[in-house]
Structures are given as C-alpha cells and as structure tokens.
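Report on the structure given below.
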Amino acid sequence: MMFLLSQSRLGLALLFSIVLTCSGLVQAAASFSVSPVRVNLSAKNKVTSLTVTNQGEEPTTVQLEALAWSQNEQGQDVFEPSKNILANPPVFTIAPNSSQVIRLGLRKPALGQSEESYRLFLQEVPPPPKEGFTGLSIALRLSIPVFVQPNEPIKTSLEWRLKSTNEGLKLLADNQSQGHIQVLSVLLIPEQQESFANQSLTNYLLPQQKREWLIKDKHLAVGTPV
C-alpha cells in the first residue's frame, strides 16, 4: 500500500510504503535456505510447515529455537524464551541438495486483542574442522518472524511525524494498531524542488511501538529544531 502525507511545517511531502504480508525465499549464503519467510498462526490455523533446503555440497545440521519477540522503547528487538511455539524436529541434518520439512505448532492461541510476535531461529551447527584446516568457520543463523493472530480482526493505524533537529531531519512512526507493520522505504520530496531523499528502512513496528529514523540527506536536514 502506498500513502502520501504532506507536512507543511517543514515544506515536505512524505511518500512511504507499508508491507503487511510477504512470502518468498531467504538465502543464507550457499548453505541452506528456508521458505516461506514469514509465518501466521491463529486459533483456526495452529499448525504450519516450512521447508529448509541444503544447497551446499556438504551435509548441514540445523538447530531450531522459537523465542518471544518484543521491542523496547528505543525500538530495539528483545527476545525471551517461550514454550508457546513448538518446532519439530528441534535438530536435524540435511544431506547435500536435499530438503527437510519442519512443523510449527501453536500451544495456545492469542489470549488478548493484540497480535503476538515470535521469532524462529535456525542455527547451523558447524561440523568439526577437517584435519589441517586453519581458516575461520562461520555458522549461519536465520530468523523467521512468526505472528499469532487474535480472534478479532486487526485494524492498522500508523501515525507519522517529521521533526527537524540539530542532528538532521528525523522521521517518527507510531504504530497504534494491534498488529505489526513492516516499513520498507521512505521517499521525502521537498516542495517545488527536484531533489529528494529515498531511504530504505526495512523495519518492523510491533503493536503499540514507536520508532524514529534519521534521514541521511543533508539537503533536507534544514529548519528550526522543534
């Protein structure tokens, strides 16, 4: 969805994109990938499956961990242990050019009116180094967002504000809804000017969370701090 918001005080027009759903494939170097890249569960849809594919030339062992996902006042992600999401099998080995189906189960539905958020982490367990190996072995780690929908339909509500500060122009977003919103990019266009700032953001705003971004364009960072 595309929205246009004018901010006359700063003489700017704000064009931004919001993505509420997504599907596709996440690639982790040349080792393993997982599909889909986002999971939605509910009281009516308590179980789903994902496919992990080993695209490497060696067997890959992967360990699963599901954590509760929230955000603090600074917009930073916070993860805590949770038993509400069941992932099976918890540890598995995939042969080269093969796939493994994993299943996610919801132990209990969302109790309130807000969406619940989790992250499924897929951690590669590196094999013992081969004899004579002197390099650096890096274990891959992917995370998949898991959202548990409440019984009542969710209405999105996102508030935006532009603020000029001594650091530059800041964009503030406030998610007033009971569900998550994903912001991909922002386009700032000065009135009656040809130059503009197009900045990728790619951030989630969980329910009732706020976040701000510093716009990295010196031509737009003007005005009196407010």
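The chains in the structure tokens are called A, B, ... from first to last as shown; in each chain the residues are counted from 1, and the ligands are counted from 1 in the order shown.
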
| request: May I have the residues within 12 Å of Gln149 (chain A) as a list in words, using only C-alpha atoms and disregarding those fewer than 5 positions away in the same chain? | output: Val39, Asn40, Leu41, Ser42, Ala43, Lys44, Asn45, Lys46, Leu106, Lys108, Pro109, Ala110, Leu111, Gly112, Gln113, Ser114, Glu115, Glu116, Ser117, Tyr118, Ile154, Lys155, Gln178, Gly179, His180 and Pro207 of chain A

Keeping only C-alpha atoms, take the residues you just selected and write them out as a PDB file, in the first residue's frame.
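out-v3.pdb, freshly written:
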```pdb
ATOM      1  CA  VAL A  39       4.515 -17.429   9.362  1.00  0.00           C
ATOM      2  CA  ASN A  40       0.994 -16.539  10.535  1.00  0.00           C
ATOM      3  CA  LEU A  41      -0.737 -18.722  13.116  1.00  0.00           C
ATOM      4  CA  SER A  42      -4.147 -18.413  14.766  1.00  0.00           C
ATOM      5  CA  ALA A  43      -6.730 -20.379  16.710  1.00  0.00           C
ATOM      6  CA  LYS A  44      -8.028 -21.707  13.381  1.00  0.00           C
ATOM      7  CA  ASN A  45      -4.559 -22.343  11.953  1.00  0.00           C
ATOM      8  CA  LYS A  46      -2.480 -23.794  14.780  1.00  0.00           C
ATOM      9  CA  LEU A 106       0.839 -23.215  18.445  1.00  0.00           C
ATOM     10  CA  LYS A 108      -2.246 -21.821  22.852  1.00  0.00           C
ATOM     11  CA  PRO A 109      -3.973 -19.040  20.839  1.00  0.00           C
ATOM     12  CA  ALA A 110      -3.523 -15.335  21.472  1.00  0.00           C
ATOM     13  CA  LEU A 111      -5.466 -14.528  24.642  1.00  0.00           C
ATOM     14  CA  GLY A 112      -5.932 -10.755  24.226  1.00  0.00           C
ATOM     15  CA  GLN A 113      -6.899  -8.446  21.358  1.00  0.00           C
ATOM     16  CA  SER A 114      -3.297  -7.882  20.232  1.00  0.00           C
ATOM     17  CA  GLU A 115      -1.228  -9.952  17.871  1.00  0.00           C
ATOM     18  CA  GLU A 116       1.581 -11.948  19.497  1.00  0.00           C
ATOM     19  CA  SER A 117       5.054 -11.975  17.925  1.00  0.00           C
ATOM     20  CA  TYR A 118       7.762 -14.639  17.913  1.00  0.00           C
ATOM     21  CA  ILE A 154      -6.913  -6.258  13.293  1.00  0.00           C
ATOM     22  CA  LYS A 155      -7.234  -2.691  12.017  1.00  0.00           C
ATOM     23  CA  GLN A 178      -2.951  -4.234  17.496  1.00  0.00           C
ATOM     24  CA  GLY A 179      -0.881  -5.818  14.711  1.00  0.00           C
ATOM     25  CA  HIS A 180       2.597  -5.469  13.225  1.00  0.00           C
ATOM     26  CA  PRO A 207       1.840  -3.399  18.136  1.00  0.00           C
TER      27      PRO A 207
END
```

List as JSON lines every residue of region 93-185 of chain A that is in contact with region 47-66 of chain A, defined as an atom at most 12 Å from one of its atoms (using only C-alpha atoms), together with the nearest atom pair and the distance in Å rounded to one decimal, sorted by chain and then rising number.
```
{"residue": "A:Thr93", "atom": "CA", "partner": "A:Thr61", "partner_atom": "CA", "distance": 4.1}
{"residue": "A:Ile94", "atom": "CA", "partner": "A:Thr60", "partner_atom": "CA", "distance": 5.2}
{"residue": "A:Ala95", "atom": "CA", "partner": "A:Pro59", "partner_atom": "CA", "distance": 4.5}
{"residue": "A:Pro96", "atom": "CA", "partner": "A:Glu57", "partner_atom": "CA", "distance": 5.2}
{"residue": "A:Asn97", "atom": "CA", "partner": "A:Gln55", "partner_atom": "CA", "distance": 5.0}
{"residue": "A:Ser98", "atom": "CA", "partner": "A:Asn54", "partner_atom": "CA", "distance": 5.6}
{"residue": "A:Ser99", "atom": "CA", "partner": "A:Thr53", "partner_atom": "CA", "distance": 4.2}
{"residue": "A:Gln100", "atom": "CA", "partner": "A:Val52", "partner_atom": "CA", "distance": 5.2}
{"residue": "A:Val101", "atom": "CA", "partner": "A:Thr51", "partner_atom": "CA", "distance": 4.6}
{"residue": "A:Ile102", "atom": "CA", "partner": "A:Leu50", "partner_atom": "CA", "distance": 5.3}
{"residue": "A:Arg103", "atom": "CA", "partner": "A:Ser49", "partner_atom": "CA", "distance": 4.3}
{"residue": "A:Leu104", "atom": "CA", "partner": "A:Thr48", "partner_atom": "CA", "distance": 5.4}
{"residue": "A:Gly105", "atom": "CA", "partner": "A:Val47", "partner_atom": "CA", "distance": 4.5}
{"residue": "A:Leu106", "atom": "CA", "partner": "A:Val47", "partner_atom": "CA", "distance": 6.4}
{"residue": "A:Arg107", "atom": "CA", "partner": "A:Val47", "partner_atom": "CA", "distance": 9.4}
{"residue": "A:Lys108", "atom": "CA", "partner": "A:Val47", "partner_atom": "CA", "distance": 11.1}
{"residue": "A:Pro109", "atom": "CA", "partner": "A:Val47", "partner_atom": "CA", "distance": 11.3}
{"residue": "A:Ser117", "atom": "CA", "partner": "A:Ala66", "partner_atom": "CA", "distance": 10.5}
{"residue": "A:Tyr118", "atom": "CA", "partner": "A:Ala66", "partner_atom": "CA", "distance": 6.8}
{"residue": "A:Arg119", "atom": "CA", "partner": "A:Ala66", "partner_atom": "CA", "distance": 5.7}
{"residue": "A:Leu120", "atom": "CA", "partner": "A:Ala66", "partner_atom": "CA", "distance": 4.4}
{"residue": "A:Phe121", "atom": "CA", "partner": "A:Glu65", "partner_atom": "CA", "distance": 5.2}
{"residue": "A:Leu122", "atom": "CA", "partner": "A:Leu64", "partner_atom": "CA", "distance": 4.9}
{"residue": "A:Gln123", "atom": "CA", "partner": "A:Gln63", "partner_atom": "CA", "distance": 5.1}
{"residue": "A:Glu124", "atom": "CA", "partner": "A:Val62", "partner_atom": "CA", "distance": 4.5}
{"residue": "A:Val125", "atom": "CA", "partner": "A:Thr61", "partner_atom": "CA", "distance": 5.3}
{"residue": "A:Pro126", "atom": "CA", "partner": "A:Thr61", "partner_atom": "CA", "distance": 7.2}
{"residue": "A:Pro127", "atom": "CA", "partner": "A:Thr61", "partner_atom": "CA", "distance": 8.0}
{"residue": "A:Pro128", "atom": "CA", "partner": "A:Thr61", "partner_atom": "CA", "distance": 11.7}
{"residue": "A:Ala139", "atom": "CA", "partner": "A:Val62", "partner_atom": "CA", "distance": 9.9}
{"residue": "A:Leu140", "atom": "CA", "partner": "A:Val62", "partner_atom": "CA", "distance": 9.3}
{"residue": "A:Arg141", "atom": "CA", "partner": "A:Val62", "partner_atom": "CA", "distance": 9.1}
{"residue": "A:Leu142", "atom": "CA", "partner": "A:Leu64", "partner_atom": "CA", "distance": 9.9}
{"residue": "A:Ser143", "atom": "CA", "partner": "A:Ala66", "partner_atom": "CA", "distance": 9.2}
{"residue": "A:Ile144", "atom": "CA", "partner": "A:Ala66", "partner_atom": "CA", "distance": 9.3}
{"residue": "A:Pro145", "atom": "CA", "partner": "A:Ala66", "partner_atom": "CA", "distance": 9.7}
{"residue": "A:Val146", "atom": "CA", "partner": "A:Ala66", "partner_atom": "CA", "distance": 9.0}
{"residue": "A:Phe147", "atom": "CA", "partner": "A:Ala66", "partner_atom": "CA", "distance": 11.8}
{"residue": "A:Val148", "atom": "CA", "partner": "A:Val47", "partner_atom": "CA", "distance": 11.1}
```

| task | Determine which residues of region 81-187 of chain A DSSP labels as strand (DSSP E) from the backbone of this structure, then write them out as a PyMOL selection string. | result | chain A and resi 81+85-88+91-94+98-106+116-125+141-148+158-164+169-175+181-187

| said: What's around Leu205 (chain A) at 8 Å? Count only C-alpha atoms, leave out sequence neighbours fewer than 6 positions away in its own chain, and write the answer as a VMD selection string. | reply: chain A and resid 75 175 180 to 183 211
